[in-house]
Amino acid sequence: MSQGRLIAVVGPSGVGKDSVMAGLHAAMPAMHLVRRVITRAPELGGEDYDAVSVPTFDAMVGRDAFAVHWGAHGLFYGIPHAITDQLAAGTDCLANFSRKALGEAAQIFPRFLVLNITAKPETLAIRLAARGRETQDEIAKRLAQADKPLPSGLDVIHLSNDGALHDTIARGVALLQPESV
Ligand SMILES: Nc1ncnc2c1ncn2[C@@H]1O[C@H](COP(=O)(O)OP(=O)(O)O)[C@@H](O)[C@H]1O
Ligand SMILES: O=P(O)(O)OC[C@H]1O[C@H](OP(=O)(O)OP(=O)(O)O)[C@H](O)[C@@H]1O
């Protein structure tokens, strides 16, 4: 059986990563949606995640529970090791990623693909305000980090999400067909 692809979804805060991932998963249910471990209060929406305290996260790092982990926005995020088994079984996996963890992940996962979602800065500001998960101050900090370069040398698919979500998802499904990548 050939190894599954790890598709790392990146893009600035508010660009629509979680929305696009949910739509891609609905359209391609065989693709596994990776559930992250996050030191965020539970049930704040956007994605299904395992909410843990910082001490619990640190203990998980200590026992090597994560294939990759990083810190951002004052939170810690981990991708559980179970993903390695899914990939080995030939299942494609879709994971919400940090742009700064891409270089490390590319060394770890044999078939690594980046799905870079883009939108205009004004679109990001409107969407973050409408989402309502962060305070104005937190939103300003996220917008200030919107423009981050990707490391070079990776396989990257660019997907604009300035328009309607269903249109973005349709283009994403076409771009992620195994035979087209
Ligand atoms: N194409 C789109 N058109 C309109 N609203 C969108 C679109 N994509 C996402 N949104 C909305 O924008 C907000 C941010 O989307 P989200 O998926 O949480 O982004 P991210 O995970 O990148 O921060 C959410 O309220 C979501 O419903
Ligand atoms: O290094 P960066 O590429 O800037 O990414 C930093 C973090 O931002 C996103 O988190 P989260 O899903 O909590 O936030 P978002 O929905 O506002 O993007 C992403 O999943 C990373 O964990």
# chains A, B, ... in the order shown; residues from 1 in each chain; ligands from 1
>>> select_by_dssp(residues="segment 119-175 of chain A", states="alpha helix (DSSP H)", output="number ranges by chain")
A: 121-131, 136-144, 165-175
>>> residues_near_ligand(ligand="ligand 2", cutoff="9 Å", atoms="only C-alpha atoms and all ligand atoms", output="VMD selection string")
chain A and resid 9 to 18 38 40 46 to 47 70 to 73 75 to 78 95 to 102 128 133 to 134 139 142 145 to 148 150
>>> residues_around(residues="Asp64 of chain A", least_positions_apart="2", cutoff="12 Å", atoms="only C-alpha atoms", output="list of chain:residue names")
A:Phe57, A:Asp58, A:Ala59, A:Met60, A:Val61, A:Gly62, A:Phe66, A:Ala67, A:Val68, A:His69, A:Gly78, A:Ile79, A:Pro80, A:His81, A:Ala82
>>> write_last_selection(atoms="N, CA and C atoms", output="short mmCIF file (atom, residue, chain, number, x, y, z; two decimals), in the first residue's frame")
data_model
loop_
_atom_site.label_atom_id
_atom_site.label_comp_id
_atom_site.auth_asym_id
_atom_site.auth_seq_id
_atom_site.Cartn_x
_atom_site.Cartn_y
_atom_site.Cartn_z
N PHE A 57 -0.26 19.58 28.16
CA PHE A 57 0.43 19.63 26.86
C PHE A 57 1.92 19.33 27.05
N ASP A 58 2.51 19.98 28.06
CA ASP A 58 3.94 19.76 28.33
C ASP A 58 4.22 18.29 28.62
N ALA A 59 3.32 17.66 29.39
CA ALA A 59 3.50 16.24 29.71
C ALA A 59 3.40 15.40 28.44
N MET A 60 2.49 15.79 27.54
CA MET A 60 2.36 15.05 26.28
C MET A 60 3.62 15.20 25.43
N VAL A 61 4.18 16.41 25.41
CA VAL A 61 5.46 16.60 24.69
C VAL A 61 6.52 15.70 25.30
N GLY A 62 6.53 15.65 26.65
CA GLY A 62 7.52 14.86 27.37
C GLY A 62 7.44 13.38 27.04
N PHE A 66 3.41 13.75 20.22
CA PHE A 66 3.15 14.50 18.99
C PHE A 66 4.16 14.21 17.89
N ALA A 67 3.64 14.12 16.66
CA ALA A 67 4.54 14.03 15.50
C ALA A 67 5.18 15.39 15.26
N VAL A 68 4.39 16.45 15.43
CA VAL A 68 4.87 17.84 15.28
C VAL A 68 4.09 18.68 16.30
N HIS A 69 4.73 19.66 16.87
CA HIS A 69 4.01 20.62 17.73
C HIS A 69 4.66 21.98 17.62
N GLY A 78 -0.58 20.62 18.90
CA GLY A 78 0.12 19.37 18.61
C GLY A 78 -0.65 18.50 17.63
N ILE A 79 0.11 17.84 16.75
CA ILE A 79 -0.46 16.86 15.81
C ILE A 79 -0.11 15.48 16.38
N PRO A 80 -1.10 14.72 16.86
CA PRO A 80 -0.80 13.44 17.51
C PRO A 80 -0.09 12.46 16.59
N HIS A 81 0.71 11.61 17.20
CA HIS A 81 1.48 10.60 16.46
C HIS A 81 0.60 9.62 15.68
N ALA A 82 -0.67 9.50 16.10
CA ALA A 82 -1.56 8.56 15.42
C ALA A 82 -1.63 8.83 13.92
#
>>> closest_residue(among="A:Ala65, A:Glu122, A:Leu143, A:Arg36", to="Asp48 of chain A", atoms="only C-alpha atoms")
A:Arg36
>>> closest_atom_pairs(of="segment 8-58 of chain A", to="segment 156-172 of chain A", cutoff="9 Å", atoms="only C-alpha atoms", output="JSON lines")
{"residue": "A:Val15", "atom": "CA", "partner": "A:Asn161", "partner_atom": "CA", "distance": 6.8}
{"residue": "A:Gly16", "atom": "CA", "partner": "A:Asn161", "partner_atom": "CA", "distance": 7.0}
{"residue": "A:Ser19", "atom": "CA", "partner": "A:Leu165", "partner_atom": "CA", "distance": 7.8}
{"residue": "A:Val20", "atom": "CA", "partner": "A:Ile169", "partner_atom": "CA", "distance": 6.1}
{"residue": "A:Met21", "atom": "CA", "partner": "A:Ile169", "partner_atom": "CA", "distance": 8.4}
{"residue": "A:Gly23", "atom": "CA", "partner": "A:Ile169", "partner_atom": "CA", "distance": 6.0}
{"residue": "A:Leu24", "atom": "CA", "partner": "A:Ile169", "partner_atom": "CA", "distance": 6.0}
{"residue": "A:Ala27", "atom": "CA", "partner": "A:Ile169", "partner_atom": "CA", "distance": 8.3}
>>> atom_distance(atom1="atom CA of Ala125 of chain A", atom2="atom CA of Ala26 of chain A")
26.6 Å
>>> closest_residue(among="A:Ala144, A:Ile108, A:Val34, A:Val52", to="Leu124 of chain A", atoms="only C-alpha atoms")
A:Ala144
>>> closest_residue(among="A:Gly45, A:Gly4, A:Pro151, A:Pro55", to="ligand 1", atoms="only C-alpha atoms and all ligand atoms")
A:Gly45
